[in-house]
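Listing of model_2.pdb, PDB, C-alpha atoms
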```pdb
MODEL        1
ATOM      1  CA  MET A 208       0.000   0.000   0.000  1.00  0.00           C
ATOM      2  CA  ASN A 209       1.179   3.509  -0.788  1.00  0.00           C
ATOM      3  CA  PHE A 210       1.078   5.268   2.579  1.00  0.00           C
ATOM      4  CA  SER A 211       1.844   8.630   0.958  1.00  0.00           C
ATOM      5  CA  ILE A 212      -1.926   9.103   0.595  1.00  0.00           C
ATOM      6  CA  PHE A 213      -1.923   9.899   4.331  1.00  0.00           C
ATOM      7  CA  SER A 214       0.760  12.582   3.951  1.00  0.00           C
ATOM      8  CA  LEU A 215      -0.156  16.217   4.578  1.00  0.00           C
ATOM      9  CA  GLU A 216       3.131  17.642   3.328  1.00  0.00           C
ATOM     10  CA  GLY A 217       2.611  21.073   1.815  1.00  0.00           C
ATOM     11  CA  LYS A 218      -0.815  21.463   3.413  1.00  0.00           C
ATOM     12  CA  THR A 219      -2.042  24.021   5.930  1.00  0.00           C
ATOM     13  CA  ALA A 220      -4.669  23.186   8.533  1.00  0.00           C
ATOM     14  CA  ILE A 221      -6.781  25.639  10.511  1.00  0.00           C
ATOM     15  CA  VAL A 222      -7.761  24.137  13.863  1.00  0.00           C
ATOM     16  CA  THR A 223     -10.148  25.982  16.176  1.00  0.00           C
ATOM     17  CA  GLY A 224     -10.001  25.424  19.916  1.00  0.00           C
ATOM     18  CA  ALA A 225      -6.297  24.698  19.522  1.00  0.00           C
ATOM     19  CA  ASN A 226      -5.048  25.733  22.946  1.00  0.00           C
ATOM     20  CA  THR A 227      -5.734  22.470  24.778  1.00  0.00           C
ATOM     21  CA  GLY A 228      -7.487  19.096  24.776  1.00  0.00           C
ATOM     22  CA  LEU A 229      -8.752  17.569  21.552  1.00  0.00           C
ATOM     23  CA  GLY A 230      -7.733  20.576  19.485  1.00  0.00           C
ATOM     24  CA  GLN A 231      -4.172  20.362  20.714  1.00  0.00           C
ATOM     25  CA  GLY A 232      -4.063  16.613  20.088  1.00  0.00           C
ATOM     26  CA  MET A 233      -5.253  17.054  16.509  1.00  0.00           C
ATOM     27  CA  CYS A 234      -2.820  19.919  15.863  1.00  0.00           C
ATOM     28  CA  VAL A 235       0.072  17.676  16.859  1.00  0.00           C
ATOM     29  CA  ALA A 236      -1.160  14.753  14.741  1.00  0.00           C
ATOM     30  CA  LEU A 237      -1.718  16.910  11.656  1.00  0.00           C
ATOM     31  CA  ALA A 238       1.728  18.460  12.107  1.00  0.00           C
ATOM     32  CA  ARG A 239       3.294  15.019  12.444  1.00  0.00           C
ATOM     33  CA  ALA A 240       1.712  14.127   9.092  1.00  0.00           C
ATOM     34  CA  GLY A 241       3.346  17.190   7.531  1.00  0.00           C
ATOM     35  CA  ALA A 242       0.826  20.040   7.780  1.00  0.00           C
ATOM     36  CA  ASP A 243       1.548  23.536   8.990  1.00  0.00           C
ATOM     37  CA  ILE A 244      -0.978  24.697  11.581  1.00  0.00           C
ATOM     38  CA  VAL A 245      -3.069  27.811  12.102  1.00  0.00           C
ATOM     39  CA  GLY A 246      -4.235  27.485  15.694  1.00  0.00           C
ATOM     40  CA  VAL A 247      -7.311  29.459  16.718  1.00  0.00           C
ATOM     41  CA  GLY A 248      -8.155  29.950  20.376  1.00  0.00           C
ATOM     42  CA  ARG A 249      -9.346  32.337  23.058  1.00  0.00           C
ATOM     43  CA  SER A 250      -6.337  31.793  25.312  1.00  0.00           C
ATOM     44  CA  ASP A 251      -2.609  31.211  25.153  1.00  0.00           C
ATOM     45  CA  MET A 252      -1.524  28.562  22.646  1.00  0.00           C
ATOM     46  CA  SER A 253       2.194  28.514  23.396  1.00  0.00           C
ATOM     47  CA  GLU A 254       2.103  24.909  24.611  1.00  0.00           C
ATOM     48  CA  THR A 255       0.422  23.750  21.411  1.00  0.00           C
ATOM     49  CA  GLU A 256       2.855  25.819  19.348  1.00  0.00           C
ATOM     50  CA  ALA A 257       5.847  24.179  21.051  1.00  0.00           C
ATOM     51  CA  LEU A 258       4.436  20.693  20.435  1.00  0.00           C
ATOM     52  CA  VAL A 259       3.725  21.462  16.774  1.00  0.00           C
ATOM     53  CA  ARG A 260       7.181  22.917  16.186  1.00  0.00           C
ATOM     54  CA  THR A 261       8.718  19.820  17.757  1.00  0.00           C
ATOM     55  CA  GLU A 262       7.120  17.903  14.885  1.00  0.00           C
ATOM     56  CA  GLY A 263       8.940  20.172  12.408  1.00  0.00           C
ATOM     57  CA  ALA A 264       5.858  22.146  11.357  1.00  0.00           C
ATOM     58  CA  GLU A 265       5.075  25.858  11.423  1.00  0.00           C
ATOM     59  CA  PHE A 266       2.449  27.260  13.781  1.00  0.00           C
ATOM     60  CA  LEU A 267       0.496  30.497  13.511  1.00  0.00           C
ATOM     61  CA  PRO A 268      -1.581  31.439  16.586  1.00  0.00           C
ATOM     62  CA  VAL A 269      -4.718  33.482  15.923  1.00  0.00           C
ATOM     63  CA  LYS A 270      -6.511  34.801  18.996  1.00  0.00           C
ATOM     64  CA  ALA A 271     -10.283  34.733  18.530  1.00  0.00           C
ATOM     65  CA  ASP A 272     -13.494  34.259  20.488  1.00  0.00           C
ATOM     66  CA  LEU A 273     -15.799  32.188  18.299  1.00  0.00           C
ATOM     67  CA  LEU A 274     -18.875  33.102  20.302  1.00  0.00           C
ATOM     68  CA  THR A 275     -19.475  35.601  17.468  1.00  0.00           C
ATOM     69  CA  LEU A 276     -18.913  35.574  13.701  1.00  0.00           C
ATOM     70  CA  GLU A 277     -16.675  38.644  13.822  1.00  0.00           C
ATOM     71  CA  PRO A 278     -13.289  36.805  13.760  1.00  0.00           C
ATOM     72  CA  ILE A 279     -14.055  34.579  10.759  1.00  0.00           C
ATOM     73  CA  GLU A 280     -12.608  36.614   7.908  1.00  0.00           C
ATOM     74  CA  ASN A 281      -9.554  37.614   9.934  1.00  0.00           C
ATOM     75  CA  ILE A 282      -8.768  33.960  10.680  1.00  0.00           C
ATOM     76  CA  LEU A 283      -8.827  33.095   6.985  1.00  0.00           C
ATOM     77  CA  ASP A 284      -6.955  36.255   5.992  1.00  0.00           C
ATOM     78  CA  GLU A 285      -4.195  35.600   8.519  1.00  0.00           C
ATOM     79  CA  ALA A 286      -3.839  32.021   7.288  1.00  0.00           C
ATOM     80  CA  GLY A 287      -3.558  33.298   3.728  1.00  0.00           C
ATOM     81  CA  LYS A 288      -0.961  35.913   4.591  1.00  0.00           C
ATOM     82  CA  ARG A 289       1.292  33.450   6.390  1.00  0.00           C
ATOM     83  CA  PHE A 290       0.840  30.307   4.299  1.00  0.00           C
ATOM     84  CA  ARG A 291      -0.788  31.670   1.086  1.00  0.00           C
ATOM     85  CA  LYS A 292      -3.621  29.145   1.389  1.00  0.00           C
ATOM     86  CA  ALA A 293      -5.414  26.851   3.785  1.00  0.00           C
ATOM     87  CA  ASP A 294      -6.385  23.333   2.742  1.00  0.00           C
ATOM     88  CA  ILE A 295      -7.959  21.877   5.881  1.00  0.00           C
ATOM     89  CA  LEU A 296     -10.418  23.283   8.401  1.00  0.00           C
ATOM     90  CA  VAL A 297     -11.032  21.511  11.703  1.00  0.00           C
ATOM     91  CA  ASN A 298     -14.049  22.977  13.504  1.00  0.00           C
ATOM     92  CA  ASN A 299     -13.151  21.828  16.999  1.00  0.00           C
ATOM     93  CA  ALA A 300     -14.015  24.840  19.186  1.00  0.00           C
ATOM     94  CA  GLY A 301     -17.018  24.209  21.384  1.00  0.00           C
ATOM     95  CA  ILE A 302     -18.486  24.949  24.789  1.00  0.00           C
ATOM     96  CA  ILE A 303     -20.823  23.146  27.155  1.00  0.00           C
ATOM     97  CA  ARG A 304     -23.135  24.545  29.830  1.00  0.00           C
ATOM     98  CA  ARG A 305     -24.670  22.089  32.315  1.00  0.00           C
ATOM     99  CA  GLU A 306     -28.063  22.756  33.909  1.00  0.00           C
ATOM    100  CA  ASP A 307     -31.380  20.982  34.381  1.00  0.00           C
ATOM    101  CA  ALA A 308     -33.579  21.493  31.342  1.00  0.00           C
ATOM    102  CA  GLU A 309     -36.300  23.227  33.368  1.00  0.00           C
ATOM    103  CA  ASN A 310     -33.805  25.826  34.572  1.00  0.00           C
ATOM    104  CA  TYR A 311     -31.757  26.281  31.394  1.00  0.00           C
ATOM    105  CA  SER A 312     -31.242  29.966  30.586  1.00  0.00           C
ATOM    106  CA  ILE A 313     -31.652  31.714  27.253  1.00  0.00           C
ATOM    107  CA  SER A 314     -28.135  33.138  27.480  1.00  0.00           C
ATOM    108  CA  ASP A 315     -26.560  29.706  28.019  1.00  0.00           C
ATOM    109  CA  TRP A 316     -28.608  28.284  25.155  1.00  0.00           C
ATOM    110  CA  ASP A 317     -27.528  31.062  22.798  1.00  0.00           C
ATOM    111  CA  ASP A 318     -23.846  30.883  23.786  1.00  0.00           C
ATOM    112  CA  VAL A 319     -23.671  27.135  23.166  1.00  0.00           C
ATOM    113  CA  MET A 320     -25.585  27.235  19.887  1.00  0.00           C
ATOM    114  CA  ASN A 321     -23.651  30.241  18.596  1.00  0.00           C
ATOM    115  CA  THR A 322     -20.246  28.711  19.324  1.00  0.00           C
ATOM    116  CA  ASN A 323     -20.927  25.076  18.487  1.00  0.00           C
ATOM    117  CA  LEU A 324     -23.139  25.504  15.428  1.00  0.00           C
ATOM    118  CA  ARG A 325     -23.541  29.048  14.081  1.00  0.00           C
ATOM    119  CA  THR A 326     -19.843  29.870  13.943  1.00  0.00           C
ATOM    120  CA  LEU A 327     -19.000  26.365  12.714  1.00  0.00           C
ATOM    121  CA  PHE A 328     -21.335  26.771   9.744  1.00  0.00           C
ATOM    122  CA  PHE A 329     -20.333  30.279   8.743  1.00  0.00           C
ATOM    123  CA  LEU A 330     -16.612  29.632   9.143  1.00  0.00           C
ATOM    124  CA  SER A 331     -17.060  26.558   6.938  1.00  0.00           C
ATOM    125  CA  GLN A 332     -19.020  28.653   4.443  1.00  0.00           C
ATOM    126  CA  SER A 333     -16.297  31.298   4.166  1.00  0.00           C
ATOM    127  CA  PHE A 334     -13.575  28.648   3.960  1.00  0.00           C
ATOM    128  CA  ALA A 335     -15.467  26.782   1.226  1.00  0.00           C
ATOM    129  CA  LYS A 336     -16.097  29.970  -0.772  1.00  0.00           C
ATOM    130  CA  ARG A 337     -12.379  30.646  -0.896  1.00  0.00           C
ATOM    131  CA  LEU A 338     -11.672  27.104  -2.058  1.00  0.00           C
ATOM    132  CA  ILE A 339     -14.377  27.314  -4.717  1.00  0.00           C
ATOM    133  CA  ASP A 340     -13.212  30.734  -5.950  1.00  0.00           C
ATOM    134  CA  SER A 341      -9.641  29.474  -6.300  1.00  0.00           C
ATOM    135  CA  LYS A 342     -10.832  26.204  -7.887  1.00  0.00           C
ATOM    136  CA  ARG A 343      -9.150  24.091  -5.224  1.00  0.00           C
ATOM    137  CA  GLY A 344     -10.444  21.169  -3.226  1.00  0.00           C
ATOM    138  CA  GLY A 345     -10.067  20.887   0.518  1.00  0.00           C
ATOM    139  CA  LYS A 346     -11.149  19.156   3.696  1.00  0.00           C
ATOM    140  CA  ILE A 347     -13.555  20.265   6.415  1.00  0.00           C
ATOM    141  CA  ILE A 348     -13.677  18.206   9.605  1.00  0.00           C
ATOM    142  CA  ASN A 349     -16.370  19.032  12.139  1.00  0.00           C
ATOM    143  CA  ILE A 350     -16.253  17.766  15.701  1.00  0.00           C
ATOM    144  CA  ALA A 351     -19.525  16.131  16.656  1.00  0.00           C
ATOM    145  CA  SER A 352     -20.129  14.127  19.860  1.00  0.00           C
ATOM    146  CA  MET A 353     -21.681  11.037  21.381  1.00  0.00           C
ATOM    147  CA  LEU A 354     -24.554  13.442  22.003  1.00  0.00           C
ATOM    148  CA  SER A 355     -25.030  13.674  18.259  1.00  0.00           C
ATOM    149  CA  TYR A 356     -26.564  10.217  18.753  1.00  0.00           C
ATOM    150  CA  GLN A 357     -27.931  10.387  22.305  1.00  0.00           C
ATOM    151  CA  GLY A 358     -29.821  12.809  24.526  1.00  0.00           C
ATOM    152  CA  GLY A 359     -27.476  13.226  27.453  1.00  0.00           C
ATOM    153  CA  ILE A 360     -28.352  14.669  30.864  1.00  0.00           C
ATOM    154  CA  ARG A 361     -28.394  18.357  31.832  1.00  0.00           C
ATOM    155  CA  VAL A 362     -26.922  19.489  28.500  1.00  0.00           C
ATOM    156  CA  PRO A 363     -29.918  20.322  26.263  1.00  0.00           C
ATOM    157  CA  ALA A 364     -28.180  23.021  24.210  1.00  0.00           C
ATOM    158  CA  TYR A 365     -25.020  20.958  23.754  1.00  0.00           C
ATOM    159  CA  THR A 366     -27.080  17.966  22.607  1.00  0.00           C
ATOM    160  CA  ALA A 367     -29.047  20.143  20.191  1.00  0.00           C
ATOM    161  CA  SER A 368     -25.884  21.713  18.779  1.00  0.00           C
ATOM    162  CA  LYS A 369     -24.016  18.444  18.322  1.00  0.00           C
ATOM    163  CA  SER A 370     -27.018  16.699  16.760  1.00  0.00           C
ATOM    164  CA  ALA A 371     -27.152  19.624  14.337  1.00  0.00           C
ATOM    165  CA  VAL A 372     -23.412  19.339  13.618  1.00  0.00           C
ATOM    166  CA  MET A 373     -23.970  15.829  12.304  1.00  0.00           C
ATOM    167  CA  GLY A 374     -26.862  17.039  10.141  1.00  0.00           C
ATOM    168  CA  VAL A 375     -25.144  20.103   8.743  1.00  0.00           C
ATOM    169  CA  THR A 376     -22.051  17.993   7.960  1.00  0.00           C
ATOM    170  CA  LYS A 377     -24.212  15.920   5.611  1.00  0.00           C
ATOM    171  CA  SER A 378     -25.855  19.007   4.155  1.00  0.00           C
ATOM    172  CA  MET A 379     -22.576  20.778   3.372  1.00  0.00           C
ATOM    173  CA  ALA A 380     -21.106  17.567   1.964  1.00  0.00           C
ATOM    174  CA  ASN A 381     -24.024  17.185  -0.437  1.00  0.00           C
ATOM    175  CA  GLU A 382     -23.441  20.654  -1.888  1.00  0.00           C
ATOM    176  CA  TRP A 383     -19.668  20.933  -1.862  1.00  0.00           C
ATOM    177  CA  ALA A 384     -18.539  17.452  -2.921  1.00  0.00           C
ATOM    178  CA  LYS A 385     -18.789  18.546  -6.559  1.00  0.00           C
ATOM    179  CA  TYR A 386     -16.079  21.123  -5.864  1.00  0.00           C
ATOM    180  CA  GLY A 387     -13.683  18.536  -4.446  1.00  0.00           C
ATOM    181  CA  ILE A 388     -14.403  19.604  -0.869  1.00  0.00           C
ATOM    182  CA  ASN A 389     -14.845  16.755   1.596  1.00  0.00           C
ATOM    183  CA  VAL A 390     -16.974  17.555   4.637  1.00  0.00           C
ATOM    184  CA  ASN A 391     -16.960  14.920   7.374  1.00  0.00           C
ATOM    185  CA  ALA A 392     -17.072  14.794  11.163  1.00  0.00           C
ATOM    186  CA  ILE A 393     -15.517  13.018  14.104  1.00  0.00           C
ATOM    187  CA  ALA A 394     -17.644  12.105  17.115  1.00  0.00           C
ATOM    188  CA  PRO A 395     -15.333  11.714  20.103  1.00  0.00           C
ATOM    189  CA  GLY A 396     -16.438   9.525  22.964  1.00  0.00           C
ATOM    190  CA  TYR A 397     -15.766  10.328  26.602  1.00  0.00           C
ATOM    191  CA  MET A 398     -12.390  12.049  26.556  1.00  0.00           C
ATOM    192  CA  VAL A 399     -10.075  13.439  29.220  1.00  0.00           C
ATOM    193  CA  THR A 400     -10.565  17.158  28.493  1.00  0.00           C
ATOM    194  CA  ASN A 401     -11.621  20.343  30.260  1.00  0.00           C
ATOM    195  CA  ASN A 402     -15.212  19.781  29.141  1.00  0.00           C
ATOM    196  CA  THR A 403     -15.427  16.494  31.041  1.00  0.00           C
ATOM    197  CA  ALA A 404     -13.674  17.629  34.234  1.00  0.00           C
ATOM    198  CA  LYS A 405     -16.919  17.763  36.216  1.00  0.00           C
ATOM    199  CA  LEU A 406     -17.954  14.298  35.078  1.00  0.00           C
ATOM    200  CA  ARG A 407     -14.581  12.836  35.970  1.00  0.00           C
ATOM    201  CA  SER A 408     -14.677  14.448  39.405  1.00  0.00           C
ATOM    202  CA  ASP A 409     -17.917  12.585  40.218  1.00  0.00           C
ATOM    203  CA  PRO A 410     -16.768   9.065  41.229  1.00  0.00           C
ATOM    204  CA  ALA A 411     -20.151   7.424  40.635  1.00  0.00           C
ATOM    205  CA  ARG A 412     -20.696   9.003  37.219  1.00  0.00           C
ATOM    206  CA  TYR A 413     -17.089   8.332  36.200  1.00  0.00           C
ATOM    207  CA  ALA A 414     -17.428   4.636  37.072  1.00  0.00           C
ATOM    208  CA  GLU A 415     -20.787   4.414  35.316  1.00  0.00           C
ATOM    209  CA  ILE A 416     -19.351   5.814  32.086  1.00  0.00           C
ATOM    210  CA  LEU A 417     -16.147   3.773  32.260  1.00  0.00           C
ATOM    211  CA  GLY A 418     -18.159   0.581  32.742  1.00  0.00           C
ATOM    212  CA  ARG A 419     -19.815   1.062  29.373  1.00  0.00           C
ATOM    213  CA  ILE A 420     -16.629   1.674  27.353  1.00  0.00           C
ATOM    214  CA  PRO A 421     -15.444  -1.635  25.833  1.00  0.00           C
ATOM    215  CA  ALA A 422     -11.897  -0.281  25.524  1.00  0.00           C
ATOM    216  CA  GLY A 423     -11.803  -0.036  29.324  1.00  0.00           C
ATOM    217  CA  ARG A 424     -10.555   3.534  29.507  1.00  0.00           C
ATOM    218  CA  TRP A 425     -11.522   7.120  28.751  1.00  0.00           C
ATOM    219  CA  GLY A 426     -10.086   8.531  25.547  1.00  0.00           C
ATOM    220  CA  GLU A 427      -7.076  10.840  25.378  1.00  0.00           C
ATOM    221  CA  PRO A 428      -6.672  13.789  22.978  1.00  0.00           C
ATOM    222  CA  SER A 429      -4.034  11.792  21.088  1.00  0.00           C
ATOM    223  CA  ASP A 430      -6.705   9.216  20.216  1.00  0.00           C
ATOM    224  CA  MET A 431      -8.235  11.768  17.825  1.00  0.00           C
ATOM    225  CA  GLY A 432      -5.064  12.005  15.757  1.00  0.00           C
ATOM    226  CA  GLY A 433      -5.487   9.070  13.409  1.00  0.00           C
ATOM    227  CA  ALA A 434      -9.057   9.971  12.496  1.00  0.00           C
ATOM    228  CA  ALA A 435      -8.122  13.614  11.915  1.00  0.00           C
ATOM    229  CA  VAL A 436      -5.187  12.746   9.644  1.00  0.00           C
ATOM    230  CA  PHE A 437      -7.291  10.235   7.717  1.00  0.00           C
ATOM    231  CA  LEU A 438     -10.115  12.701   7.066  1.00  0.00           C
ATOM    232  CA  ALA A 439      -7.637  15.488   6.238  1.00  0.00           C
ATOM    233  CA  SER A 440      -5.670  13.411   3.734  1.00  0.00           C
ATOM    234  CA  ALA A 441      -6.138  11.997   0.256  1.00  0.00           C
ATOM    235  CA  ALA A 442      -6.945   8.659   1.888  1.00  0.00           C
ATOM    236  CA  SER A 443     -10.497   9.948   2.478  1.00  0.00           C
ATOM    237  CA  ASP A 444     -11.091  11.549  -0.932  1.00  0.00           C
ATOM    238  CA  TYR A 445     -14.214   9.445  -1.605  1.00  0.00           C
ATOM    239  CA  ILE A 446     -15.756   9.937   1.834  1.00  0.00           C
ATOM    240  CA  HIS A 447     -18.389  12.653   2.112  1.00  0.00           C
ATOM    241  CA  GLY A 448     -20.854  13.495   4.884  1.00  0.00           C
ATOM    242  CA  PHE A 449     -19.820  10.736   7.287  1.00  0.00           C
ATOM    243  CA  THR A 450     -19.400  11.010  11.051  1.00  0.00           C
ATOM    244  CA  LEU A 451     -16.665   8.747  12.410  1.00  0.00           C
ATOM    245  CA  ALA A 452     -17.027   7.757  16.062  1.00  0.00           C
ATOM    246  CA  VAL A 453     -13.791   7.648  18.070  1.00  0.00           C
ATOM    247  CA  ASP A 454     -15.372   6.329  21.228  1.00  0.00           C
ATOM    248  CA  GLY A 455     -13.627   3.196  22.497  1.00  0.00           C
ATOM    249  CA  GLY A 456     -16.688   1.226  21.420  1.00  0.00           C
ATOM    250  CA  TRP A 457     -19.241   3.256  23.423  1.00  0.00           C
ATOM    251  CA  LEU A 458     -21.888   3.258  20.685  1.00  0.00           C
ATOM    252  CA  SER A 459     -21.598  -0.480  20.086  1.00  0.00           C
ATOM    253  CA  ARG A 460     -22.412  -1.323  23.718  1.00  0.00           C
TER     254      ARG A 460
ENDMDL
END
```
Take the structure from the file and write it as structure tokens.
Amino acid sequence: MNFSIFSLEGKTAIVTGANTGLGQGMCVALARAGADIVGVGRSDMSETEALVRTEGAEFLPVKADLLTLEPIENILDEAGKRFRKADILVNNAGIIRREDAENYSISDWDDVMNTNLRTLFFLSQSFAKRLIDSKRGGKIINIASMLSYQGGIRVPAYTASKSAVMGVTKSMANEWAKYGINVNAIAPGYMVTNNTAKLRSDPARYAEILGRIPAGRWGEPSDMGGAAVFLASAASDYIHGFTLAVDGGWLSR
């Protein structure tokens, strides 16, 4: 088999939510495969930058709060200035707000939906327009969730947003495949990240979740790397609109 189809040499990847967790893990994996990285985040990304540069890749940090659409064009412009073009977009940035459904606030609902869905769509739209205008193909990878499939508890807005991510991934794929743009998603299982800190600090809930994972452990950010490289590379050129679960077998249980 020719493993060069997994190479990302000469490519540039924009990764949102790059400062820590899954975003950081995917930045490192994409860099290891040869891509230069544009990391987008609200906070310091120096740790991610150091890890990426260790892999021999370039890293451009772009500070942005994706709660609004305002940063979108600047992100793409900065990527273009530094690397001339961007080939891969990983929509990883997301937030979660936990509260009983009967007490869930409008502001929490709007913040989650705006970050996890609205910005994801319109950043993808602007990225795709640039690819189409320049007559180039590219890859868009959205980060879905186990709650794209299930209802969850005390996270109504997060569940709604991640269910919609799976749907809009299919919708964008249907329209943009003809331009050589692959739109797919990754649905991570229960991962050791900031978003799951509260769950992991609850011994009963932690044990309950762990007991359902056939792999016998929670996922680590590095577990996202193989899926991200696959969907970013030529190896996935005939895959459109699919959501790949990286869940230790959670959904099969």
What lies within 8 Å of segment 394-398 of chain A using all atoms listed in the file, ignoring chain neighbours under 2 positions off, as a PyMOL selection string? chain A and resi 350-353+355+392+400+403+416+425-428+431+450-455+457
Dump of C-alpha atoms for the selected residues, as an mmCIF file, keeping the file's coordinate frame:
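Okay, this is what ended up in selection_39.cif:
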```
data_model
loop_
_atom_site.group_PDB
_atom_site.id
_atom_site.type_symbol
_atom_site.label_atom_id
_atom_site.label_comp_id
_atom_site.auth_asym_id
_atom_site.auth_seq_id
_atom_site.Cartn_x
_atom_site.Cartn_y
_atom_site.Cartn_z
ATOM 1 C CA ILE A 350 -16.253 17.766 15.701
ATOM 2 C CA ALA A 351 -19.525 16.131 16.656
ATOM 3 C CA SER A 352 -20.129 14.127 19.860
ATOM 4 C CA MET A 353 -21.681 11.037 21.381
ATOM 5 C CA SER A 355 -25.030 13.674 18.259
ATOM 6 C CA ALA A 392 -17.072 14.794 11.163
ATOM 7 C CA THR A 400 -10.565 17.158 28.493
ATOM 8 C CA THR A 403 -15.427 16.494 31.041
ATOM 9 C CA ILE A 416 -19.351 5.814 32.086
ATOM 10 C CA TRP A 425 -11.522 7.120 28.751
ATOM 11 C CA GLY A 426 -10.086 8.531 25.547
ATOM 12 C CA GLU A 427 -7.076 10.840 25.378
ATOM 13 C CA PRO A 428 -6.672 13.789 22.978
ATOM 14 C CA MET A 431 -8.235 11.768 17.825
ATOM 15 C CA THR A 450 -19.400 11.010 11.051
ATOM 16 C CA LEU A 451 -16.665 8.747 12.410
ATOM 17 C CA ALA A 452 -17.027 7.757 16.062
ATOM 18 C CA VAL A 453 -13.791 7.648 18.070
ATOM 19 C CA ASP A 454 -15.372 6.329 21.228
ATOM 20 C CA GLY A 455 -13.627 3.196 22.497
ATOM 21 C CA TRP A 457 -19.241 3.256 23.423
#
```
Neighbour residues at most 8 Å from (-4.4, 30.9, 8.1) (all atoms listed in the file) as a ChimeraX atom specification: /A:219-221,244-245,267,282-293
Have a look at atom CA of Leu296 of chain A and atom CA of Val399 of chain A and let me know their distance in Å, one decimal.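 The value is 23.0 Å.
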Care to translate the PyMOL selection byres ((chain A and resi 232) around 12) into actual residues of this file, as an MDAnalysis selection string? chainID A and resid 222:231 233:239 246 254:256 258:259 297 299 398:400 426:436
Could you write out as a ChimeraX atom specification the residues that the PyMOL selection byres ((chain A and resi 314-317) around 12) matches in the shown file? /A:274-275,302-308,310-313,318-326,361-368
Calculated over all atoms listed in the file, which of the candidates A:Asp444, A:Asp409, A:Glu415, A:Asp340 has the smallest distance to Ala384 of chain A?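 Ranking A:Asp444, A:Asp409, A:Glu415, A:Asp340 by distance to Ala384 of chain A, first place goes to A:Asp444.
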Under the rule that only C-alpha atoms are counted, which of A:Leu330, A:Pro421, A:Leu273, A:His447 is the nearest residue to Lys346 of chain A? A:His447
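Checking A:Ala335, A:Gly263, A:Phe437, A:Leu458 one by one against Tyr356 of chain A, counting all atoms listed in the file, you find the shortest gap at A:Leu458.
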Tell me which protein, DNA and RNA residues are within 9 Å of Phe449 of chain A, counting all atoms listed in the file, leaving out same-chain ones fewer than 2 positions away, and put them as a PDB file with C-alpha atoms, in the coordinates of the input.
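Produced file out-v3.pdb, reproduced below:
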```pdb
ATOM      1  CA  MET A 373     -23.970  15.829  12.304  1.00  0.00           C
ATOM      2  CA  THR A 376     -22.051  17.993   7.960  1.00  0.00           C
ATOM      3  CA  LYS A 377     -24.212  15.920   5.611  1.00  0.00           C
ATOM      4  CA  ALA A 380     -21.106  17.567   1.964  1.00  0.00           C
ATOM      5  CA  VAL A 390     -16.974  17.555   4.637  1.00  0.00           C
ATOM      6  CA  ASN A 391     -16.960  14.920   7.374  1.00  0.00           C
ATOM      7  CA  ALA A 392     -17.072  14.794  11.163  1.00  0.00           C
ATOM      8  CA  ILE A 393     -15.517  13.018  14.104  1.00  0.00           C
ATOM      9  CA  ILE A 446     -15.756   9.937   1.834  1.00  0.00           C
ATOM     10  CA  HIS A 447     -18.389  12.653   2.112  1.00  0.00           C
ATOM     11  CA  LEU A 451     -16.665   8.747  12.410  1.00  0.00           C
TER      12      LEU A 451
END
```
For the atom pair atom CA of Gly448 of chain A and atom CA of Ser211 of chain A, what is the interatomic distance in Å to one decimal place? 23.5 Å
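Contact shell of Gly241 of chain A at 7 Å (all atoms listed in the file; same-chain neighbours under 5 positions omitted): A:Ser214, A:Leu215, A:Glu216, A:Gly217, A:Ala264.
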Store the residues of this selection in a file with C-alpha atoms, as an mmCIF file, keeping the file's coordinate frame.
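And here's again-v3.cif as it stands now:
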```
data_model
loop_
_atom_site.group_PDB
_atom_site.id
_atom_site.type_symbol
_atom_site.label_atom_id
_atom_site.label_comp_id
_atom_site.auth_asym_id
_atom_site.auth_seq_id
_atom_site.Cartn_x
_atom_site.Cartn_y
_atom_site.Cartn_z
ATOM 1 C CA SER A 214 0.760 12.582 3.951
ATOM 2 C CA LEU A 215 -0.156 16.217 4.578
ATOM 3 C CA GLU A 216 3.131 17.642 3.328
ATOM 4 C CA GLY A 217 2.611 21.073 1.815
ATOM 5 C CA ALA A 264 5.858 22.146 11.357
#
```
Point-to-point distance in Å for atom CA of Asn401 of chain A and atom CA of Ser253 of chain A: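 A separation of 17.5 Å between them.
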Identify which of the residues A:Thr261, A:Asn281, A:Ser341, A:Asn349 lies closest to Leu438 of chain A, counting only C-alpha atoms when measuring atom-to-atom distances. A:Asn349
Give as a PyMOL selection string every residue, naming chains and numbers as the document does, that has an atom within 9 Å of (-5.5, 36.3, 20.1), counting all atoms listed in the file. chain A and resi 247-251+268-272
